Amino acid sequence: MTTLSAVSINGHTNEKLAIKLGVGRMRNGKRNLWVGVALAVLVQPSIAAAQTAPQASDDNDDGEIIVTANKREENLSKVGLSITALSGDQLAERKVVSLEDIASIVPGLAYAASTTNTPIYTLRGIGFNESSLGVYPAVSVYVDQAPLPFPVLASHSAFDLERVEVLKGPQGTLFGQNSTGGAINYIAAKPTDAFDAGGDIGYGRFNAIEGNAYISGPIAENLNARLAITGQNSDGWQRSVTRPSDTNGKTSYIAGRLMLDFQPSDTVKLAVNVNGWRDTSEPQAQQLVGVRPVGPQGATAAALANSVFVPDDPRLADWSTLAFDPATGTVNSDGSVVPGTLRQTDFSPRSLRKFYQAALRADIELGGDITLTSLTSYDHYTQDQTTDGDGNALVSFDLQKNNGYIHSFNQELRLANSAGGAFRWILGANYEKSTTFEDQLLRYFDNSNYHPAQLFINASEVSNKQDIRNYAFFANAEYDLTEQLTFKAAARYTNSRIKDDNCGFTIPGGNVDKLFGTSSPAACYTFDANFANGPHIFQTLAEDNVSWRAGLDFKASQNTLLYVNVSRGYKAGSFPSLAAATYTALKPVTQESVTAFEGGFKTQLADRRIGINAAVFYYDYRNKQIRGKLVETPNIFGPLDTLANVPKSSIFGVEADVTLRPVDGLTINGAVTYLQSEVKKGPVAPYNFNVLGQADGFVGDDLPFTPEWSGVLNVDYKARLANGGSPFIGFTVNARSKSDSVLGGSRLVYPSRLVEPNTVQRAGIDHIFQNKGYATVDARLGYQAADDQWSVMFWAKNMFNEYYWNAVITANDSAARFAGKPATYGVTFGFKIK
């Protein structure tokens, strides 16, 4: 079984509270039997989310899992919140290296890809389907409590971890203003006070080579260090449906983390975390499933209607490569290009993304059982990308350039008393200063808008810079009314301000300047409120709010906890990065809120061989933020992207899981989430258009990326041989019911060709904007030598090659899917040095 060899206390290692599953390592020549298991709100062997397994009768340690959901270390089974905790060893065994992988083993958590290579995640139906670089997610992400405030920053954080904690429901009181859906906390493995080293190397399908390594130990008196590195390189896993020898989707990244723990005195502890990554992987291409030209319907529209659709094969897709670019030719006065003057431009998907974070944590004991904690962090991210936006070999909606950067500074100060008393409190404040910049060049010369009536426009570029300032004050308290009953309360005041500088312009030969009448290609063409263009469009969004939480925990017995919570969380507004005709499309979404009502229990039975956990909840969702559609007057370009608020919606849900350990070495876990979401009041005019450009009320529609049912079944068996070695086998089944990629996805259909002759979709599709239900199976088989000296594991993910997709993207003239990855398999060799 796996070993979580160290648990963080105030950011430092504590061996006493270590979680150990199976037989512990040799210590002083004597073997101790430490058996623990996580029983969770949502559980697999990798999901240690609530209680513990049966322990040996001579074991006096309680074996509990420690989490930091309340920013102090607590036994998970005694925390009255819905939390899923996944151990680092189990993450490694299941080849979990990204948020997409985490979503595959946590019911209720959904991952969706985007055309800008920015991940989108939704937890219990709460999410933001927006792919701009500088947009806050509804589910916030942290590394050792240091925020990764924008989604792309968390791309390569899931390595050398002690655990991952997934907190469900609004977490705005302790984990910031942007946690209406929840929070994901990566807890990095900490430096050790004795030498420790290890790693693994693996080979898999598509010539994938991946490796992990770490070295840890003391480097001076009271100074411990840990250095970890991970990386992967593989061939492309996608094949072009029109060019069978052309591939895409190669993986190439490297990430590292250096951690230092220094204790200069008995009352001062310092922790440094410097981490970063470099990624040159090829962005995933899409699968074209529908074409619906919305421009003036010229010859280009007819060519689009003859596009090649992709069958139900996860490996097939299409994308643009070399194309004759009209912006490179000699242009006539009417915007047309002189024949024979064009040059080729490469539109192949590519990326260069770089990130680093530096964080310093100081814990200072002030006396009187009070500790001052300071957490300072700085994030720096840059990207240089080309992404295909339409799933087509044609250049109908491609981002030739998608560049940008993020600079983010965060400071938190808090005071907390000892966790041992009947009254436990935390007081704090934090400050954020972030700058985000995005430069997108959208190309569309194989688009129905490339037409003489529109002067052959073919290039729209937008620059969007946001200066963000947030500050907040928060308090959290718990009071034991009796030995069994605990009252909890928390509140946070947040003040947010975003200053936005947006300019839509074009390139020489892009012709948008001619259509909009600007003085030059570099002048801003978007019309302001006075229907004038030329200057940048400057806007400011200033908001504040008070998030809060209250609840009761009732310890019915030593092994049973009941809890009820009421909370409210907020997510700040933001500005879009869009090629907009008028300022109306560039207006920000305002802050959203979720008021959550939840009750649940965690219990252990049969000497901890059975664990049952359940929760029921209701969310009152106000002003949900979405990426929607706008049809401007006059309607020249068809429906255009914009951000919008959904005034009122709701989510009702039930979660349950069962963990069984019928015999030593065998663990069976099942977890299921049921969600019923509903729009009660849709976006108001002029933002009340669906993806087809039709005015829509959306009342009764499901929220995007919210499957009604999701569940996981996990079975693991590990034997113990006389020589100390352990053969093991396991499998995981992940199942999801259908969901919508956009509002109304389960009911919207393309118009027939009798109405729109150039509209066509792939055969066999009823609702083009809906994600189908699916089930995937992962498996592993291996052997672990005595004392973890070495191991070998054969593994497979999506072993039956299930075809599914996690998002349907609408471009100006088309719709395309992001398919889930096909079957992958390989072998991994691991080692440890003591």
# chains A, B, ... in the order shown; residues from 1 in each chain; ligands from 1
$ closest_atom_pairs --of "region 409-523 of chain A" --to "region 101-117 of chain A" --cutoff "12 Å" --atoms "only C-alpha atoms" --output "Markdown table"
| residue | atom | partner | partner_atom | distance |
| --- | --- | --- | --- | --- |
| A:Glu438 | CA | A:Thr116 | CA | 10.8 |
| A:Asp439 | CA | A:Thr116 | CA | 11.4 |
| A:Gln440 | CA | A:Thr116 | CA | 9.5 |
| A:Leu441 | CA | A:Thr116 | CA | 11.6 |
| A:Leu442 | CA | A:Thr116 | CA | 11.4 |
$ select_by_dssp --residues "region 667-759 of chain A" --states "strand (DSSP E)" --output "ChimeraX atom specification"
/A:667-681,709-718,726-736,739-740
$ atom_distance --atom1 "CA of Tyr570 (chain A)" --atom2 "CA of Pro170 (chain A)"
7.8 Å
$ residues_around --residues "Trp709 (chain A)" --least-positions-apart "3" --cutoff "7 Å" --atoms "only C-alpha atoms" --output "PDB file with N, CA, C and O atoms, in the first residue's frame"
ATOM      1  N   THR A 673     -22.150  11.512  -7.393  1.00  0.00           N
ATOM      2  CA  THR A 673     -22.687  12.863  -7.215  1.00  0.00           C
ATOM      3  C   THR A 673     -23.877  13.043  -8.151  1.00  0.00           C
ATOM      4  O   THR A 673     -23.783  12.743  -9.349  1.00  0.00           O
ATOM      5  N   TYR A 674     -24.963  13.524  -7.602  1.00  0.00           N
ATOM      6  CA  TYR A 674     -26.157  13.864  -8.385  1.00  0.00           C
ATOM      7  C   TYR A 674     -26.345  15.371  -8.341  1.00  0.00           C
ATOM      8  O   TYR A 674     -26.331  15.976  -7.265  1.00  0.00           O
ATOM      9  N   LEU A 675     -26.510  16.003  -9.516  1.00  0.00           N
ATOM     10  CA  LEU A 675     -26.695  17.441  -9.607  1.00  0.00           C
ATOM     11  C   LEU A 675     -27.906  17.762 -10.474  1.00  0.00           C
ATOM     12  O   LEU A 675     -28.051  17.212 -11.568  1.00  0.00           O
ATOM     13  N   ARG A 736     -19.740   9.575 -16.342  1.00  0.00           N
ATOM     14  CA  ARG A 736     -20.440  10.863 -16.345  1.00  0.00           C
ATOM     15  C   ARG A 736     -21.650  10.761 -17.265  1.00  0.00           C
ATOM     16  O   ARG A 736     -21.571  10.165 -18.348  1.00  0.00           O
ATOM     17  N   SER A 737     -22.764  11.353 -16.877  1.00  0.00           N
ATOM     18  CA  SER A 737     -23.903  11.460 -17.775  1.00  0.00           C
ATOM     19  C   SER A 737     -23.709  12.659 -18.702  1.00  0.00           C
ATOM     20  O   SER A 737     -22.751  13.416 -18.575  1.00  0.00           O
TER      21      SER A 737
END
$ atom_distance --atom1 "CA of Leu148 (chain A)" --atom2 "CA of Ser408 (chain A)"
8.8 Å
$ closest_atom_pairs --of "region 261-341 of chain A" --to "region 246-252 of chain A" --cutoff "8 Å" --atoms "only C-alpha atoms" --output "tab-separated table"
residue	atom	partner	partner_atom	distance
A:Asp279	CA	A:Ser252	CA	6.0
A:Thr280	CA	A:Ser252	CA	5.5
A:Ser281	CA	A:Thr251	CA	4.4
A:Glu282	CA	A:Gly249	CA	4.8
A:Pro283	CA	A:Gly249	CA	6.1
A:Gln284	CA	A:Gly249	CA	5.4
A:Ala285	CA	A:Asn248	CA	7.3
$ write_last_selection --atoms "all heavy atoms" --output "PDB file, in the first residue's frame"
ATOM      1  N   ASP A 279       6.778  24.874 -20.933  1.00  0.00           N
ATOM      2  CA  ASP A 279       5.942  23.953 -21.705  1.00  0.00           C
ATOM      3  C   ASP A 279       5.929  24.386 -23.169  1.00  0.00           C
ATOM      4  O   ASP A 279       5.541  25.514 -23.490  1.00  0.00           O
ATOM      5  CB  ASP A 279       4.515  23.956 -21.140  1.00  0.00           C
ATOM      6  CG  ASP A 279       3.643  22.853 -21.730  1.00  0.00           C
ATOM      7  OD1 ASP A 279       4.010  22.278 -22.764  1.00  0.00           O
ATOM      8  OD2 ASP A 279       2.591  22.564 -21.141  1.00  0.00           O
ATOM      9  N   THR A 280       6.365  23.486 -24.051  1.00  0.00           N
ATOM     10  CA  THR A 280       6.299  23.743 -25.493  1.00  0.00           C
ATOM     11  C   THR A 280       5.383  22.737 -26.186  1.00  0.00           C
ATOM     12  O   THR A 280       5.531  22.462 -27.374  1.00  0.00           O
ATOM     13  CB  THR A 280       7.695  23.697 -26.127  1.00  0.00           C
ATOM     14  OG1 THR A 280       8.285  22.412 -25.895  1.00  0.00           O
ATOM     15  CG2 THR A 280       8.595  24.779 -25.551  1.00  0.00           C
ATOM     16  N   SER A 281       4.437  22.179 -25.460  1.00  0.00           N
ATOM     17  CA  SER A 281       3.507  21.204 -26.028  1.00  0.00           C
ATOM     18  C   SER A 281       2.629  21.852 -27.091  1.00  0.00           C
ATOM     19  O   SER A 281       2.347  23.056 -27.047  1.00  0.00           O
ATOM     20  CB  SER A 281       2.628  20.610 -24.933  1.00  0.00           C
ATOM     21  OG  SER A 281       3.399  20.032 -23.907  1.00  0.00           O
ATOM     22  N   GLU A 282       2.190  21.036 -28.036  1.00  0.00           N
ATOM     23  CA  GLU A 282       1.300  21.537 -29.088  1.00  0.00           C
ATOM     24  C   GLU A 282      -0.136  21.579 -28.571  1.00  0.00           C
ATOM     25  O   GLU A 282      -0.640  20.570 -28.076  1.00  0.00           O
ATOM     26  CB  GLU A 282       1.385  20.642 -30.318  1.00  0.00           C
ATOM     27  CG  GLU A 282       2.724  20.698 -31.014  1.00  0.00           C
ATOM     28  CD  GLU A 282       2.854  19.677 -32.128  1.00  0.00           C
ATOM     29  OE1 GLU A 282       2.080  18.697 -32.137  1.00  0.00           O
ATOM     30  OE2 GLU A 282       3.747  19.855 -32.987  1.00  0.00           O
ATOM     31  N   PRO A 283      -0.807  22.725 -28.672  1.00  0.00           N
ATOM     32  CA  PRO A 283      -2.199  22.806 -28.222  1.00  0.00           C
ATOM     33  C   PRO A 283      -3.085  21.813 -28.975  1.00  0.00           C
ATOM     34  O   PRO A 283      -2.906  21.572 -30.167  1.00  0.00           O
ATOM     35  CB  PRO A 283      -2.590  24.256 -28.553  1.00  0.00           C
ATOM     36  CG  PRO A 283      -1.300  24.998 -28.608  1.00  0.00           C
ATOM     37  CD  PRO A 283      -0.293  24.025 -29.145  1.00  0.00           C
ATOM     38  N   GLN A 284      -4.028  21.244 -28.255  1.00  0.00           N
ATOM     39  CA  GLN A 284      -4.920  20.245 -28.847  1.00  0.00           C
ATOM     40  C   GLN A 284      -5.766  20.861 -29.946  1.00  0.00           C
ATOM     41  O   GLN A 284      -6.249  21.992 -29.837  1.00  0.00           O
ATOM     42  CB  GLN A 284      -5.824  19.652 -27.768  1.00  0.00           C
ATOM     43  CG  GLN A 284      -6.762  18.555 -28.271  1.00  0.00           C
ATOM     44  CD  GLN A 284      -7.618  17.968 -27.167  1.00  0.00           C
ATOM     45  OE1 GLN A 284      -7.334  18.152 -25.981  1.00  0.00           O
ATOM     46  NE2 GLN A 284      -8.663  17.250 -27.547  1.00  0.00           N
ATOM     47  N   ALA A 285      -5.964  20.118 -31.032  1.00  0.00           N
ATOM     48  CA  ALA A 285      -6.846  20.525 -32.125  1.00  0.00           C
ATOM     49  C   ALA A 285      -8.246  19.965 -31.888  1.00  0.00           C
ATOM     50  O   ALA A 285      -8.445  19.008 -31.130  1.00  0.00           O
ATOM     51  CB  ALA A 285      -6.302  20.048 -33.467  1.00  0.00           C
TER      52      ALA A 285
END
$ residues_around --residues "Thr68 (chain A)" --least-positions-apart "2" --cutoff "12 Å" --atoms "only C-alpha atoms" --output "VMD selection string"
chain A and resid 7 to 11 65 to 66 70 to 76 78 to 79 81 83 to 85 142 to 145 163 to 167 174 to 175 183 to 187
$ write_last_selection --atoms "N, CA and C atoms" --output "short mmCIF file (atom, residue, chain, number, x, y, z; two decimals), in the first residue's frame"
data_model
loop_
_atom_site.label_atom_id
_atom_site.label_comp_id
_atom_site.auth_asym_id
_atom_site.auth_seq_id
_atom_site.Cartn_x
_atom_site.Cartn_y
_atom_site.Cartn_z
N VAL A 7 3.32 14.85 7.09
CA VAL A 7 2.15 15.71 7.09
C VAL A 7 2.55 17.09 7.53
N SER A 8 1.98 18.09 6.88
CA SER A 8 2.39 19.47 7.14
C SER A 8 1.69 20.03 8.37
N ILE A 9 2.47 20.59 9.25
CA ILE A 9 1.96 21.37 10.38
C ILE A 9 2.53 22.77 10.24
N ASN A 10 1.65 23.72 10.00
CA ASN A 10 2.11 25.09 9.75
C ASN A 10 3.19 25.12 8.67
N GLY A 11 3.00 24.26 7.65
CA GLY A 11 3.92 24.24 6.53
C GLY A 11 5.17 23.44 6.78
N ILE A 65 -6.06 11.44 8.73
CA ILE A 65 -5.55 12.30 7.67
C ILE A 65 -5.69 13.75 8.12
N ILE A 66 -4.64 14.51 7.89
CA ILE A 66 -4.61 15.91 8.31
C ILE A 66 -4.82 16.79 7.08
N ASN A 70 -9.31 24.71 7.06
CA ASN A 70 -9.56 25.91 7.86
C ASN A 70 -8.27 26.67 8.15
N LYS A 71 -7.23 26.45 7.31
CA LYS A 71 -5.92 27.10 7.45
C LYS A 71 -5.26 26.78 8.79
N ARG A 72 -5.63 25.64 9.32
CA ARG A 72 -4.92 25.06 10.45
C ARG A 72 -5.06 23.55 10.30
N GLU A 73 -4.08 22.79 10.81
CA GLU A 73 -4.08 21.35 10.62
C GLU A 73 -5.13 20.70 11.51
N GLU A 74 -5.99 19.87 10.88
CA GLU A 74 -7.07 19.21 11.60
C GLU A 74 -7.28 17.82 11.03
N ASN A 75 -7.80 16.92 11.87
CA ASN A 75 -8.19 15.61 11.38
C ASN A 75 -9.37 15.76 10.43
N LEU A 76 -9.24 15.16 9.26
CA LEU A 76 -10.26 15.33 8.23
C LEU A 76 -11.63 14.84 8.68
N LYS A 78 -12.95 15.07 11.39
CA LYS A 78 -13.56 15.97 12.36
C LYS A 78 -13.84 17.36 11.77
N VAL A 79 -13.67 17.50 10.46
CA VAL A 79 -13.94 18.78 9.79
C VAL A 79 -15.29 18.70 9.12
N LEU A 81 -16.95 19.82 6.68
CA LEU A 81 -17.00 20.37 5.33
C LEU A 81 -16.90 19.22 4.34
N ILE A 83 -14.94 17.69 1.72
CA ILE A 83 -13.55 17.77 1.28
C ILE A 83 -13.15 16.42 0.68
N THR A 84 -12.43 16.49 -0.41
CA THR A 84 -11.81 15.30 -0.98
C THR A 84 -10.31 15.50 -0.91
N ALA A 85 -9.60 14.58 -0.29
CA ALA A 85 -8.15 14.66 -0.17
C ALA A 85 -7.52 13.47 -0.86
N TYR A 142 -4.47 26.72 -5.13
CA TYR A 142 -3.38 27.15 -4.25
C TYR A 142 -2.29 26.08 -4.19
N VAL A 143 -1.05 26.50 -3.98
CA VAL A 143 0.05 25.61 -3.64
C VAL A 143 0.53 26.00 -2.26
N ASP A 144 0.34 25.11 -1.29
CA ASP A 144 0.69 25.42 0.10
C ASP A 144 0.11 26.76 0.53
N GLN A 145 -1.15 27.00 0.19
CA GLN A 145 -1.93 28.19 0.54
C GLN A 145 -1.50 29.45 -0.24
N ARG A 163 -0.28 15.74 -0.85
CA ARG A 163 -1.70 15.47 -1.10
C ARG A 163 -2.29 16.62 -1.89
N VAL A 164 -3.51 16.43 -2.35
CA VAL A 164 -4.33 17.49 -2.92
C VAL A 164 -5.65 17.50 -2.16
N GLU A 165 -6.10 18.67 -1.77
CA GLU A 165 -7.38 18.83 -1.09
C GLU A 165 -8.35 19.56 -2.03
N VAL A 166 -9.52 18.98 -2.24
CA VAL A 166 -10.57 19.62 -3.03
C VAL A 166 -11.69 20.02 -2.07
N LEU A 167 -11.83 21.32 -1.82
CA LEU A 167 -12.85 21.84 -0.92
C LEU A 167 -14.07 22.23 -1.75
N LEU A 174 -11.97 32.05 3.90
CA LEU A 174 -10.55 31.81 4.17
C LEU A 174 -9.70 31.72 2.91
N PHE A 175 -10.29 31.37 1.78
CA PHE A 175 -9.51 31.17 0.57
C PHE A 175 -9.86 32.15 -0.54
N ALA A 183 -12.32 25.25 -3.76
CA ALA A 183 -10.88 25.51 -3.82
C ALA A 183 -10.13 24.20 -3.94
N ILE A 184 -9.06 24.23 -4.71
CA ILE A 184 -8.17 23.09 -4.87
C ILE A 184 -6.82 23.46 -4.29
N ASN A 185 -6.40 22.75 -3.27
CA ASN A 185 -5.15 23.05 -2.57
C ASN A 185 -4.13 21.95 -2.84
N TYR A 186 -3.05 22.32 -3.52
CA TYR A 186 -1.92 21.40 -3.68
C TYR A 186 -1.02 21.54 -2.46
N ILE A 187 -0.73 20.44 -1.80
CA ILE A 187 0.17 20.43 -0.66
C ILE A 187 1.45 19.72 -1.10
#
$ residues_around --residues "Pro662 (chain A)" --least-positions-apart "2" --cutoff "12 Å" --atoms "only C-alpha atoms" --output "NGL selection string"
:A and (53-54 or 605-611 or 659-660 or 664-669 or 715-717)
$ closest_atom_pairs --of "region 698-800 of chain A" --to "region 199-213 of chain A" --cutoff "10 Å" --atoms "only C-alpha atoms" --output "JSON lines"
{"residue": "A:Trp790", "atom": "CA", "partner": "A:Asp200", "partner_atom": "CA", "distance": 9.1}
{"residue": "A:Ser791", "atom": "CA", "partner": "A:Asp200", "partner_atom": "CA", "distance": 8.8}
{"residue": "A:Val792", "atom": "CA", "partner": "A:Asp200", "partner_atom": "CA", "distance": 9.2}
{"residue": "A:Met793", "atom": "CA", "partner": "A:Gly202", "partner_atom": "CA", "distance": 9.1}
{"residue": "A:Phe794", "atom": "CA", "partner": "A:Gly202", "partner_atom": "CA", "distance": 9.5}
{"residue": "A:Trp795", "atom": "CA", "partner": "A:Gly204", "partner_atom": "CA", "distance": 8.9}
{"residue": "A:Ala796", "atom": "CA", "partner": "A:Gly204", "partner_atom": "CA", "distance": 9.1}
$ select_by_dssp --residues "region 563-701 of chain A" --states "helix (DSSP H, G or I)" --output "number ranges by chain"
A: 583-586
$ atom_distance --atom1 "CA of Thr122 (chain A)" --atom2 "CA of Asn402 (chain A)"
24.0 Å
